[in-house]
Amino acid sequence: MKLNELKPARGSKKTRRRVGRGLGSGRGKTAGRGQKGQRSRSGFSQGAGWEGGRSRLIMRLPKRGFTRDREPFQIVNLRDLNGFAEGDRVDADSLKARGLVRRADKPVKLLAEGELEVKKLEVALDAVSSTAAEAVRAAGGSVAGPAPASGDVAGEG
């Protein structure tokens with residue numbers, strides 16, 4: 001077998017239908033688009049949910065509930081803070097430097113998963129769960145920064 005003898009399998013290649021090429025072709029004149037109307041015009045494209053010009057179903061149905069515009073938190077757990085030294089300040093920049101969060105300009109929340117083995121950490125994050133705040137204070141640290149989340153009392157510790 002030679003390269004010039006290669007052929008595609010029978011039936012795998014179909015010739016393109018050439019519309020609008022005269023009456024004898026069977027698809028001349030209107031080129032299979034029918035007579036008048038929106039679909040016969042050039043440039044017509046029917047988008048998803050299009051209902052012939054009437055109001056779309058999604059617009060007619062009543063809207064319920066709400067959308068949350070708040071930005072989701074980047075999550076850090078207590079066990080992640082064990083890489084810090086005693087007395088270090090834990091904020092978004094220091095977490096970013098250690099690769100624990102992707103972005104320092106997005107909100108960060110500390111959760112209480114795992115054990116905290118480092119003493120006297122100064123935590124200054126956007127949000128801290130009450131259990132995580134208790135664990136930091138039990139290890140001799142302090143929780144500062146924006147208003148404490150989940151029922152924490154501000155200024156305690």
# chains A, B, ... in the order shown; residues from 1 in each chain; ligands from 1
$ select_by_dssp --residues "segment 1-135 of chain A" --states "alpha helix (DSSP H)" --output "list in words"
Leu57, Ile58, Met59, Arg60, Ala92, Asp93, Ser94, Leu95, Lys96, Ala97, Ser130, Thr131, Ala132, Ala133, Glu134 and Ala135 of chain A
$ write_last_selection --atoms "N, CA and C atoms" --output "PDB file, in the first residue's frame"
ATOM      1  N   LEU A  57     -40.210  32.126  29.222  1.00  0.00           N
ATOM      2  CA  LEU A  57     -40.758  31.444  30.392  1.00  0.00           C
ATOM      3  C   LEU A  57     -40.012  31.862  31.653  1.00  0.00           C
ATOM      4  N   ILE A  58     -38.689  31.946  31.580  1.00  0.00           N
ATOM      5  CA  ILE A  58     -37.903  32.284  32.768  1.00  0.00           C
ATOM      6  C   ILE A  58     -38.226  33.688  33.265  1.00  0.00           C
ATOM      7  N   MET A  59     -38.658  34.569  32.349  1.00  0.00           N
ATOM      8  CA  MET A  59     -39.014  35.931  32.751  1.00  0.00           C
ATOM      9  C   MET A  59     -40.444  35.994  33.275  1.00  0.00           C
ATOM     10  N   ARG A  60     -41.298  35.063  32.827  1.00  0.00           N
ATOM     11  CA  ARG A  60     -42.698  35.074  33.253  1.00  0.00           C
ATOM     12  C   ARG A  60     -42.875  34.460  34.638  1.00  0.00           C
ATOM     13  N   ALA A  92      -3.769  37.694  56.856  1.00  0.00           N
ATOM     14  CA  ALA A  92      -3.905  37.219  55.477  1.00  0.00           C
ATOM     15  C   ALA A  92      -2.563  37.220  54.741  1.00  0.00           C
ATOM     16  N   ASP A  93      -1.733  38.238  54.995  1.00  0.00           N
ATOM     17  CA  ASP A  93      -0.439  38.320  54.317  1.00  0.00           C
ATOM     18  C   ASP A  93       0.495  37.188  54.735  1.00  0.00           C
ATOM     19  N   SER A  94       0.530  36.889  56.041  1.00  0.00           N
ATOM     20  CA  SER A  94       1.414  35.814  56.506  1.00  0.00           C
ATOM     21  C   SER A  94       0.924  34.445  56.031  1.00  0.00           C
ATOM     22  N   LEU A  95      -0.406  34.275  55.929  1.00  0.00           N
ATOM     23  CA  LEU A  95      -0.953  33.014  55.407  1.00  0.00           C
ATOM     24  C   LEU A  95      -0.633  32.858  53.919  1.00  0.00           C
ATOM     25  N   LYS A  96      -0.702  33.970  53.183  1.00  0.00           N
ATOM     26  CA  LYS A  96      -0.375  33.942  51.754  1.00  0.00           C
ATOM     27  C   LYS A  96       1.100  33.601  51.553  1.00  0.00           C
ATOM     28  N   ALA A  97       1.962  34.180  52.404  1.00  0.00           N
ATOM     29  CA  ALA A  97       3.398  33.933  52.286  1.00  0.00           C
ATOM     30  C   ALA A  97       3.730  32.453  52.510  1.00  0.00           C
ATOM     31  N   SER A 130     -16.116  30.624  66.853  1.00  0.00           N
ATOM     32  CA  SER A 130     -16.006  30.764  68.309  1.00  0.00           C
ATOM     33  C   SER A 130     -15.143  29.659  68.909  1.00  0.00           C
ATOM     34  N   THR A 131     -15.241  28.447  68.383  1.00  0.00           N
ATOM     35  CA  THR A 131     -14.442  27.326  68.883  1.00  0.00           C
ATOM     36  C   THR A 131     -12.961  27.550  68.591  1.00  0.00           C
ATOM     37  N   ALA A 132     -12.663  28.078  67.405  1.00  0.00           N
ATOM     38  CA  ALA A 132     -11.274  28.355  67.049  1.00  0.00           C
ATOM     39  C   ALA A 132     -10.719  29.474  67.922  1.00  0.00           C
ATOM     40  N   ALA A 133     -11.528  30.488  68.216  1.00  0.00           N
ATOM     41  CA  ALA A 133     -11.083  31.593  69.067  1.00  0.00           C
ATOM     42  C   ALA A 133     -10.772  31.096  70.474  1.00  0.00           C
ATOM     43  N   GLU A 134     -11.610  30.199  70.988  1.00  0.00           N
ATOM     44  CA  GLU A 134     -11.371  29.618  72.321  1.00  0.00           C
ATOM     45  C   GLU A 134     -10.060  28.842  72.340  1.00  0.00           C
ATOM     46  N   ALA A 135      -9.800  28.080  71.285  1.00  0.00           N
ATOM     47  CA  ALA A 135      -8.574  27.285  71.215  1.00  0.00           C
ATOM     48  C   ALA A 135      -7.339  28.177  71.166  1.00  0.00           C
TER      49      ALA A 135
END
$ residues_around --residues "Ala144 of chain A" --least-positions-apart "5" --cutoff "8 Å" --atoms "only C-alpha atoms" --output "JSON, numbers by chain"
{"A": [122, 123, 124, 125, 155]}
$ write_last_selection --atoms "all heavy atoms" --output "PDB file, in the first residue's frame"
ATOM      1  N   GLU A 122      -0.976  35.620  67.620  1.00  0.00           N
ATOM      2  CA  GLU A 122      -1.824  36.813  67.521  1.00  0.00           C
ATOM      3  C   GLU A 122      -2.587  36.705  66.198  1.00  0.00           C
ATOM      4  O   GLU A 122      -2.043  36.949  65.127  1.00  0.00           O
ATOM      5  CB  GLU A 122      -0.951  38.068  67.527  1.00  0.00           C
ATOM      6  CG  GLU A 122      -1.733  39.349  67.578  1.00  0.00           C
ATOM      7  CD  GLU A 122      -0.842  40.569  67.484  1.00  0.00           C
ATOM      8  OE1 GLU A 122       0.308  40.502  67.947  1.00  0.00           O
ATOM      9  OE2 GLU A 122      -1.302  41.575  66.913  1.00  0.00           O
ATOM     10  N   VAL A 123      -3.861  36.326  66.276  1.00  0.00           N
ATOM     11  CA  VAL A 123      -4.673  36.062  65.093  1.00  0.00           C
ATOM     12  C   VAL A 123      -5.465  37.317  64.731  1.00  0.00           C
ATOM     13  O   VAL A 123      -6.222  37.836  65.549  1.00  0.00           O
ATOM     14  CB  VAL A 123      -5.639  34.877  65.333  1.00  0.00           C
ATOM     15  CG1 VAL A 123      -6.523  34.656  64.118  1.00  0.00           C
ATOM     16  CG2 VAL A 123      -4.859  33.616  65.651  1.00  0.00           C
ATOM     17  N   ALA A 124      -5.298  37.799  63.505  1.00  0.00           N
ATOM     18  CA  ALA A 124      -6.022  38.967  63.005  1.00  0.00           C
ATOM     19  C   ALA A 124      -6.563  38.643  61.616  1.00  0.00           C
ATOM     20  O   ALA A 124      -5.949  38.959  60.603  1.00  0.00           O
ATOM     21  CB  ALA A 124      -5.104  40.180  62.956  1.00  0.00           C
ATOM     22  N   LEU A 125      -7.719  37.975  61.570  1.00  0.00           N
ATOM     23  CA  LEU A 125      -8.336  37.562  60.313  1.00  0.00           C
ATOM     24  C   LEU A 125      -9.717  38.188  60.173  1.00  0.00           C
ATOM     25  O   LEU A 125     -10.225  38.801  61.113  1.00  0.00           O
ATOM     26  CB  LEU A 125      -8.432  36.031  60.250  1.00  0.00           C
ATOM     27  CG  LEU A 125      -7.098  35.287  60.263  1.00  0.00           C
ATOM     28  CD1 LEU A 125      -7.315  33.798  60.357  1.00  0.00           C
ATOM     29  CD2 LEU A 125      -6.286  35.629  59.030  1.00  0.00           C
ATOM     30  N   GLY A 155     -13.020  41.851  72.238  1.00  0.00           N
ATOM     31  CA  GLY A 155     -12.151  42.364  73.281  1.00  0.00           C
ATOM     32  C   GLY A 155     -11.844  41.358  74.372  1.00  0.00           C
ATOM     33  O   GLY A 155     -11.128  41.660  75.319  1.00  0.00           O
TER      34      GLY A 155
END
$ closest_residue --among "A:Arg102, A:Asp88, A:Gly65, A:Gly83" --to "Glu117 of chain A" --atoms "only C-alpha atoms"
A:Gly83
$ residues_around --residues "Glu113 of chain A" --least-positions-apart "5" --cutoff "9 Å" --atoms "only C-alpha atoms" --output "PyMOL selection string"
chain A and resi 76-79+132
$ select_by_dssp --residues "segment 89-124 of chain A" --states "strand (DSSP E or B)" --output "list in words"
Arg89, Val90, Val108, Lys109, Leu110, Leu111, Glu122, Val123 and Ala124 of chain A
$ write_last_selection --atoms "N, CA and C atoms" --output "compact mmCIF listing (two decimals), in the first residue's frame"
# COMPACT_ATOMS: atom_id res chain seq x y z
N ARG A 89 2.36 36.78 64.37
CA ARG A 89 1.07 37.38 64.00
C ARG A 89 0.53 36.63 62.78
N VAL A 90 -0.71 36.16 62.90
CA VAL A 90 -1.35 35.42 61.82
C VAL A 90 -2.37 36.34 61.15
N VAL A 108 -10.63 35.83 54.84
CA VAL A 108 -10.13 34.55 55.37
C VAL A 108 -10.86 34.25 56.67
N LYS A 109 -11.26 32.99 56.87
CA LYS A 109 -11.91 32.57 58.11
C LYS A 109 -11.14 31.42 58.72
N LEU A 110 -10.95 31.48 60.03
CA LEU A 110 -10.27 30.43 60.78
C LEU A 110 -11.30 29.50 61.40
N LEU A 111 -11.19 28.20 61.10
CA LEU A 111 -12.08 27.19 61.67
C LEU A 111 -11.30 26.30 62.63
N GLU A 122 -0.98 35.62 67.62
CA GLU A 122 -1.82 36.81 67.52
C GLU A 122 -2.59 36.71 66.20
N VAL A 123 -3.86 36.33 66.28
CA VAL A 123 -4.67 36.06 65.09
C VAL A 123 -5.47 37.32 64.73
N ALA A 124 -5.30 37.80 63.51
CA ALA A 124 -6.02 38.97 63.01
C ALA A 124 -6.56 38.64 61.62
$ atom_distance --atom1 "atom CA of Pro107 of chain A" --atom2 "atom CA of Phe73 of chain A"
5.2 Å
$ residues_around --residues "Gly32 of chain A" --least-positions-apart "6" --cutoff "10 Å" --atoms "only C-alpha atoms" --output "list in words"
Val19, Gly20, Gly26 and Ser40 of chain A
$ write_last_selection --atoms "all heavy atoms" --output "CSV table (one decimal), in the first residue's frame"
chain,number,residue,atom,x,y,z
A,19,VAL,N,-26.8,24.8,-1.2
A,19,VAL,CA,-28.2,25.4,-1.4
A,19,VAL,C,-28.1,26.7,-2.1
A,19,VAL,O,-27.1,27.3,-2.2
A,19,VAL,CB,-28.8,25.5,0.0
A,19,VAL,CG1,-29.0,24.2,0.7
A,19,VAL,CG2,-28.1,26.5,0.9
A,20,GLY,N,-29.3,27.0,-2.7
A,20,GLY,CA,-29.4,28.3,-3.4
A,20,GLY,C,-28.6,28.3,-4.7
A,20,GLY,O,-28.1,29.4,-5.1
A,26,GLY,N,-32.9,21.5,-6.8
A,26,GLY,CA,-33.9,21.0,-5.8
A,26,GLY,C,-33.8,21.8,-4.5
A,26,GLY,O,-34.7,21.7,-3.7
A,40,SER,N,-36.5,33.0,7.6
A,40,SER,CA,-36.0,33.0,6.2
A,40,SER,C,-35.0,34.2,6.0
A,40,SER,O,-34.3,34.2,5.0
A,40,SER,CB,-37.2,33.2,5.2
A,40,SER,OG,-37.6,34.6,5.3
